[in-house]
>>> print(open('coords_2.cif').read())   # mmCIF, C-alpha atoms, pLDDT in the B column; chains and numbers go by the auth columns
data_model
#
loop_
_atom_site.group_PDB
_atom_site.id
_atom_site.type_symbol
_atom_site.label_atom_id
_atom_site.label_comp_id
_atom_site.label_asym_id
_atom_site.label_seq_id
_atom_site.Cartn_x
_atom_site.Cartn_y
_atom_site.Cartn_z
_atom_site.B_iso_or_equiv
_atom_site.auth_seq_id
_atom_site.auth_asym_id
ATOM 1 C CA MET A 1 9.034 48.941 -16.869 37.00 107 A
ATOM 2 C CA THR A 2 8.446 51.683 -19.311 37.00 108 A
ATOM 3 C CA ASP A 3 10.293 54.975 -19.145 41.00 109 A
ATOM 4 C CA SER A 4 7.191 57.056 -18.431 47.00 110 A
ATOM 5 C CA LEU A 5 6.797 57.484 -14.696 55.00 111 A
ATOM 6 C CA ARG A 6 3.333 57.354 -13.174 68.00 112 A
ATOM 7 C CA LEU A 7 3.045 58.295 -9.522 77.00 113 A
ATOM 8 C CA ILE A 8 0.128 57.287 -7.339 82.00 114 A
ATOM 9 C CA ASN A 9 -0.959 59.190 -4.248 84.00 115 A
ATOM 10 C CA LEU A 10 -2.500 56.806 -1.720 86.00 116 A
ATOM 11 C CA ARG A 11 -4.632 58.313 1.050 86.00 117 A
ATOM 12 C CA CYS A 12 -6.004 56.288 3.964 88.00 118 A
ATOM 13 C CA ARG A 13 -9.684 57.084 4.467 87.00 119 A
ATOM 14 C CA ASP A 14 -9.474 56.183 8.175 88.00 120 A
ATOM 15 C CA CYS A 15 -6.460 58.147 9.435 89.00 121 A
ATOM 16 C CA GLY A 16 -5.668 60.475 6.496 84.00 122 A
ATOM 17 C CA ASP A 17 -2.120 59.120 6.062 85.00 123 A
ATOM 18 C CA GLU A 18 -0.768 59.842 2.569 84.00 124 A
ATOM 19 C CA THR A 19 2.056 58.376 0.560 83.00 125 A
ATOM 20 C CA ILE A 20 3.204 58.901 -3.019 82.00 126 A
ATOM 21 C CA ILE A 21 4.530 55.788 -4.707 83.00 127 A
ATOM 22 C CA GLY A 22 5.942 55.087 -8.143 78.00 128 A
ATOM 23 C CA PRO A 23 6.121 51.968 -10.322 77.00 129 A
ATOM 24 C CA HIS A 24 9.165 50.445 -8.570 77.00 130 A
ATOM 25 C CA GLU A 25 7.604 50.821 -5.113 80.00 131 A
ATOM 26 C CA ILE A 26 4.307 49.401 -6.399 83.00 132 A
ATOM 27 C CA ALA A 27 6.156 46.382 -7.838 81.00 133 A
ATOM 28 C CA ARG A 28 8.092 45.952 -4.558 81.00 134 A
ATOM 29 C CA ARG A 29 4.869 45.938 -2.519 82.00 135 A
ATOM 30 C CA LEU A 30 3.270 43.420 -4.895 84.00 136 A
ATOM 31 C CA ARG A 31 6.344 41.153 -4.678 83.00 137 A
ATOM 32 C CA GLU A 32 6.276 41.276 -0.866 82.00 138 A
ATOM 33 C CA ALA A 33 2.621 40.211 -0.970 81.00 139 A
ATOM 34 C CA GLY A 34 3.386 37.360 -3.402 83.00 140 A
ATOM 35 C CA GLN A 35 1.332 38.930 -6.191 83.00 141 A
ATOM 36 C CA LEU A 36 4.207 39.582 -8.631 80.00 142 A
ATOM 37 C CA ARG A 37 7.116 37.188 -9.080 75.00 143 A
ATOM 38 C CA ARG A 38 8.254 36.239 -12.530 71.00 144 A
ATOM 39 C CA GLU A 39 9.701 39.323 -14.234 71.00 145 A
ATOM 40 C CA ALA A 40 12.382 41.603 -12.833 69.00 146 A
ATOM 41 C CA ASN A 41 11.045 44.529 -14.918 73.00 147 A
ATOM 42 C CA PRO A 42 7.353 43.939 -15.675 76.00 148 A
ATOM 43 C CA GLU A 43 5.272 46.242 -17.845 79.00 149 A
ATOM 44 C CA GLN A 44 3.979 49.278 -15.957 78.00 150 A
ATOM 45 C CA GLU A 45 0.406 48.741 -17.165 81.00 151 A
ATOM 46 C CA ILE A 46 0.352 45.186 -15.780 81.00 152 A
ATOM 47 C CA VAL A 47 1.810 46.314 -12.453 82.00 153 A
ATOM 48 C CA LEU A 48 -0.766 49.112 -12.135 83.00 154 A
ATOM 49 C CA ALA A 49 -3.643 46.754 -12.973 84.00 155 A
ATOM 50 C CA LEU A 50 -2.430 44.216 -10.390 86.00 156 A
ATOM 51 C CA PHE A 51 -2.019 46.985 -7.825 86.00 157 A
ATOM 52 C CA GLU A 52 -5.572 48.249 -8.317 86.00 158 A
ATOM 53 C CA GLU A 53 -6.846 44.699 -7.735 87.00 159 A
ATOM 54 C CA PHE A 54 -4.583 44.272 -4.680 87.00 160 A
ATOM 55 C CA LEU A 55 -5.324 47.697 -3.136 86.00 161 A
ATOM 56 C CA PRO A 56 -8.178 46.475 -0.848 87.00 162 A
ATOM 57 C CA ASN A 57 -5.655 44.073 0.795 85.00 163 A
ATOM 58 C CA LEU A 58 -2.970 46.718 1.391 84.00 164 A
ATOM 59 C CA LYS A 59 -2.703 47.808 5.031 83.00 165 A
ATOM 60 C CA CYS A 60 -2.027 51.393 6.082 84.00 166 A
ATOM 61 C CA ASP A 61 1.384 51.767 7.795 80.00 167 A
ATOM 62 C CA ALA A 62 -0.058 54.307 10.253 84.00 168 A
ATOM 63 C CA CYS A 63 -3.341 52.717 11.418 89.00 169 A
ATOM 64 C CA GLY A 64 -3.404 49.200 9.892 86.00 170 A
ATOM 65 C CA ALA A 65 -6.710 49.737 8.084 87.00 171 A
ATOM 66 C CA ASN A 66 -7.436 48.449 4.572 86.00 172 A
ATOM 67 C CA ASN A 67 -9.197 51.598 3.423 85.00 173 A
ATOM 68 C CA TRP A 68 -7.011 53.298 0.793 85.00 174 A
ATOM 69 C CA LYS A 69 -8.160 55.784 -1.788 85.00 175 A
ATOM 70 C CA ILE A 70 -6.150 56.671 -4.882 83.00 176 A
ATOM 71 C CA ALA A 71 -5.948 60.465 -5.035 74.00 177 A
ATOM 72 C CA ASP A 72 -4.371 62.875 -7.480 63.00 178 A
ATOM 73 C CA VAL A 73 -0.678 63.555 -6.989 65.00 179 A
ATOM 74 C CA PRO A 74 -0.409 67.074 -5.556 56.00 180 A
ATOM 75 C CA ILE A 75 1.361 69.506 -7.850 53.00 181 A
ATOM 76 C CA ASP A 76 3.627 72.092 -6.279 53.00 182 A
ATOM 77 C CA GLU A 77 3.444 75.289 -8.338 50.00 183 A
ATOM 78 C CA ASN A 78 7.028 76.172 -7.417 51.00 184 A
ATOM 79 C CA HIS A 79 8.344 72.763 -8.459 47.00 185 A
ATOM 80 C CA TRP A 80 9.693 72.478 -11.999 55.00 186 A
ATOM 81 C CA GLY A 81 9.757 68.926 -13.247 62.00 187 A
ATOM 82 C CA GLU A 82 8.699 65.540 -11.979 71.00 188 A
ATOM 83 C CA PRO A 83 8.848 64.756 -8.254 77.00 189 A
ATOM 84 C CA VAL A 84 11.851 62.662 -7.278 84.00 190 A
ATOM 85 C CA LEU A 85 11.212 59.737 -4.950 86.00 191 A
ATOM 86 C CA CYS A 86 13.943 58.626 -2.577 85.00 192 A
ATOM 87 C CA GLU A 87 15.382 55.335 -3.826 82.00 193 A
ATOM 88 C CA VAL A 88 15.482 53.966 -0.256 79.00 194 A
ATOM 89 C CA CYS A 89 12.286 55.072 1.541 82.00 195 A
ATOM 90 C CA LYS A 90 10.259 55.987 -1.593 82.00 196 A
ATOM 91 C CA GLN A 91 9.115 59.307 -0.102 86.00 197 A
ATOM 92 C CA GLN A 92 9.378 62.481 -2.163 87.00 198 A
ATOM 93 C CA VAL A 93 12.769 64.201 -1.974 87.00 199 A
ATOM 94 C CA PRO A 94 12.087 67.804 -0.895 87.00 200 A
ATOM 95 C CA PRO A 95 12.362 70.322 -3.754 83.00 201 A
ATOM 96 C CA GLU A 96 14.697 72.419 -1.588 84.00 202 A
ATOM 97 C CA ARG A 97 17.183 69.518 -1.492 86.00 203 A
ATOM 98 C CA LEU A 98 16.943 69.118 -5.262 84.00 204 A
ATOM 99 C CA GLU A 99 17.712 72.815 -5.746 82.00 205 A
ATOM 100 C CA ILE A 100 21.017 72.308 -3.926 84.00 206 A
ATOM 101 C CA PHE A 101 21.718 68.776 -5.224 84.00 207 A
ATOM 102 C CA PRO A 102 19.876 68.495 -8.579 81.00 208 A
ATOM 103 C CA ASN A 103 20.999 64.902 -9.280 83.00 209 A
ATOM 104 C CA GLU A 104 20.218 63.583 -5.786 86.00 210 A
ATOM 105 C CA LYS A 105 18.201 60.357 -5.645 85.00 211 A
ATOM 106 C CA ARG A 106 17.916 60.114 -1.835 87.00 212 A
ATOM 107 C CA CYS A 107 16.344 62.211 0.897 87.00 213 A
ATOM 108 C CA ALA A 108 18.511 63.649 3.670 86.00 214 A
ATOM 109 C CA ALA A 109 17.480 60.922 6.139 86.00 215 A
ATOM 110 C CA CYS A 110 18.501 58.100 3.756 85.00 216 A
ATOM 111 C CA LYS A 111 21.644 59.603 2.209 82.00 217 A
ATOM 112 C CA ASP A 112 24.055 57.537 4.355 78.00 218 A
ATOM 113 C CA LYS A 113 22.227 54.213 4.092 74.00 219 A
ATOM 114 C CA PRO A 114 24.013 51.577 1.986 69.00 220 A
ATOM 115 C CA GLU A 115 22.732 51.011 -1.533 65.00 221 A
ATOM 116 C CA THR A 116 20.571 47.950 -2.071 58.00 222 A
ATOM 117 C CA ASP A 117 20.434 45.980 -5.288 60.00 223 A
ATOM 118 C CA GLU A 118 17.255 44.882 -7.030 65.00 224 A
ATOM 119 C CA PRO A 119 16.180 41.394 -5.935 69.00 225 A
ATOM 120 C CA GLU A 120 17.226 38.442 -8.061 79.00 226 A
ATOM 121 C CA PHE A 121 14.711 35.912 -9.355 82.00 227 A
ATOM 122 C CA CYS A 122 15.049 32.243 -10.287 85.00 228 A
ATOM 123 C CA ALA A 123 15.416 31.661 -14.030 83.00 229 A
ATOM 124 C CA ILE A 124 13.422 28.406 -13.740 84.00 230 A
ATOM 125 C CA CYS A 125 10.343 29.249 -11.615 87.00 231 A
ATOM 126 C CA GLY A 126 10.576 33.022 -11.045 83.00 232 A
ATOM 127 C CA GLY A 127 10.842 32.704 -7.245 85.00 233 A
ATOM 128 C CA LEU A 128 12.882 35.068 -5.125 85.00 234 A
ATOM 129 C CA MET A 129 16.560 34.110 -4.734 85.00 235 A
ATOM 130 C CA ALA A 130 18.125 34.211 -1.252 86.00 236 A
ATOM 131 C CA ILE A 131 21.678 33.790 0.039 84.00 237 A
ATOM 132 C CA ARG A 132 22.158 30.589 2.063 85.00 238 A
ATOM 133 C CA GLN A 133 25.228 29.177 3.762 83.00 239 A
ATOM 134 C CA ARG A 134 26.629 26.118 2.044 79.00 240 A
ATOM 135 C CA GLY A 135 26.957 23.059 4.268 74.00 241 A
ATOM 136 C CA GLY A 136 30.238 21.462 5.247 72.00 242 A
ATOM 137 C CA SER A 137 33.128 22.150 7.541 74.00 243 A
ATOM 138 C CA GLY A 138 35.893 24.662 7.154 76.00 244 A
ATOM 139 C CA ILE A 139 35.549 28.072 5.560 81.00 245 A
ATOM 140 C CA ALA A 140 31.951 29.183 5.199 76.00 246 A
ATOM 141 C CA GLY A 141 30.631 29.323 1.670 82.00 247 A
ATOM 142 C CA TYR A 142 27.484 30.982 0.406 83.00 248 A
ATOM 143 C CA VAL A 143 25.218 30.223 -2.525 86.00 249 A
ATOM 144 C CA MET A 144 22.103 31.817 -4.065 87.00 250 A
ATOM 145 C CA VAL A 145 19.090 29.500 -3.638 89.00 251 A
ATOM 146 C CA CYS A 146 15.529 29.875 -4.936 89.00 252 A
ATOM 147 C CA THR A 147 13.069 30.186 -2.041 87.00 253 A
ATOM 148 C CA ASP A 148 10.390 28.349 -4.036 87.00 254 A
ATOM 149 C CA CYS A 149 12.008 25.471 -5.916 89.00 255 A
ATOM 150 C CA GLY A 150 15.289 25.211 -3.955 86.00 256 A
ATOM 151 C CA ARG A 151 17.554 25.314 -7.010 87.00 257 A
ATOM 152 C CA SER A 152 20.909 27.048 -6.614 83.00 258 A
ATOM 153 C CA GLY A 153 22.041 29.534 -9.180 74.00 259 A
#
>>> encode(input="coords_2.cif", output="structure tokens")
Amino acid sequence: MTDSLRLINLRCRDCGDETIIGPHEIARRLREAGQLRREANPEQEIVLALFEEFLPNLKCDACGANNWKIADVPIDENHWGEPVLCEVCKQQVPPERLEIFPNEKRCAACKDKPETDEPEFCAICGGLMAIRQRGGSGIAGYVMVCTDCGRSG
């Protein structure tokens, strides 16, 4: 993805639930829905275009409706700089936390959660790779296997 960060504020028209998401969260949601698979770091413009097409299918976490509206990202007059999204839950890290910990990438609720790596994709078909136990007796062995084509890598 490109270095410029574009945040989207999604607002449910039914219940009023709001969430601010960035390019990585948008790509994650598209991958979960099977709409984006091949590239680990796709172009931001492509991801945003796919997301706008997929938006009518996206369900609200609060009420389950498919009635999202893209709204402007609210700007806090006291905030200096770009909003920081928590790398775990993708919610905005409070500016008060960033004043104390300027390099923090996680909100207070997620600070103790273990770090997760970006998903791996198959070099052949672009499918999501998963860890599977290797067959046989004795000590258990694990291997990365493509969920689409079944190739190990």
>>> resolve_selection(input="coords_2.cif", expression="the PyMOL selection byres ((chain A and resi 116-124) around 9)", output="list in words")
Ile114, Asn115, Thr125, Ile126, Ile127, Cys166, Asp167, Ala168, Cys169, Ala171, Asn172, Asn173, Trp174, Lys175, Ile176, Ala177, Asp178 and Val179 of chain A
>>> resolve_selection(input="coords_2.cif", expression="the PyMOL selection byres ((chain A and resi 133) around 10)", output="list in words")
Met107, Gly128, Pro129, His130, Glu131, Ile132, Arg134, Arg135, Leu136, Arg137, Glu138, Ala139, Gln141, Leu142, Arg143, Ala146, Asn147, Pro148, Gln150, Ile152, Val153, Leu154, Leu156 and Phe157 of chain A
>>> resolve_selection(input="coords_2.cif", expression="the PyMOL selection byres ((chain A and resi 201-213) around 9)", output="PyMOL selection string")
chain A and resi 184-186+189-200+214-217
>>> write_last_selection(input="coords_2.cif", atoms="C-alpha atoms", output="PDB file, in the frame of the given file")
ATOM      1  CA  ASN A 184       7.028  76.172  -7.417  1.00 51.00           C
ATOM      2  CA  HIS A 185       8.344  72.763  -8.459  1.00 47.00           C
ATOM      3  CA  TRP A 186       9.693  72.478 -11.999  1.00 55.00           C
ATOM      4  CA  PRO A 189       8.848  64.756  -8.254  1.00 77.00           C
ATOM      5  CA  VAL A 190      11.851  62.662  -7.278  1.00 84.00           C
ATOM      6  CA  LEU A 191      11.212  59.737  -4.950  1.00 86.00           C
ATOM      7  CA  CYS A 192      13.943  58.626  -2.577  1.00 85.00           C
ATOM      8  CA  GLU A 193      15.382  55.335  -3.826  1.00 82.00           C
ATOM      9  CA  VAL A 194      15.482  53.966  -0.256  1.00 79.00           C
ATOM     10  CA  CYS A 195      12.286  55.072   1.541  1.00 82.00           C
ATOM     11  CA  LYS A 196      10.259  55.987  -1.593  1.00 82.00           C
ATOM     12  CA  GLN A 197       9.115  59.307  -0.102  1.00 86.00           C
ATOM     13  CA  GLN A 198       9.378  62.481  -2.163  1.00 87.00           C
ATOM     14  CA  VAL A 199      12.769  64.201  -1.974  1.00 87.00           C
ATOM     15  CA  PRO A 200      12.087  67.804  -0.895  1.00 87.00           C
ATOM     16  CA  ALA A 214      18.511  63.649   3.670  1.00 86.00           C
ATOM     17  CA  ALA A 215      17.480  60.922   6.139  1.00 86.00           C
ATOM     18  CA  CYS A 216      18.501  58.100   3.756  1.00 85.00           C
ATOM     19  CA  LYS A 217      21.644  59.603   2.209  1.00 82.00           C
TER      20      LYS A 217
END
>>> atom_distance(input="coords_2.cif", atom1="atom CA of Phe227 of chain A", atom2="atom CA of Met250 of chain A")
10.0 Å
>>> atom_distance(input="coords_2.cif", atom1="atom CA of Glu145 of chain A", atom2="atom CA of Ile237 of chain A")
19.4 Å
>>> residues_around(input="coords_2.cif", residues="Glu226 of chain A", least_positions_apart="3", cutoff="10 Å", atoms="all atoms listed in the file", output="count of residues only")
11
>>> residues_around(input="coords_2.cif", residues="Arg238 of chain A", least_positions_apart="5", cutoff="8 Å", atoms="only C-alpha atoms", output="PyMOL selection string")
chain A and resi 248-251
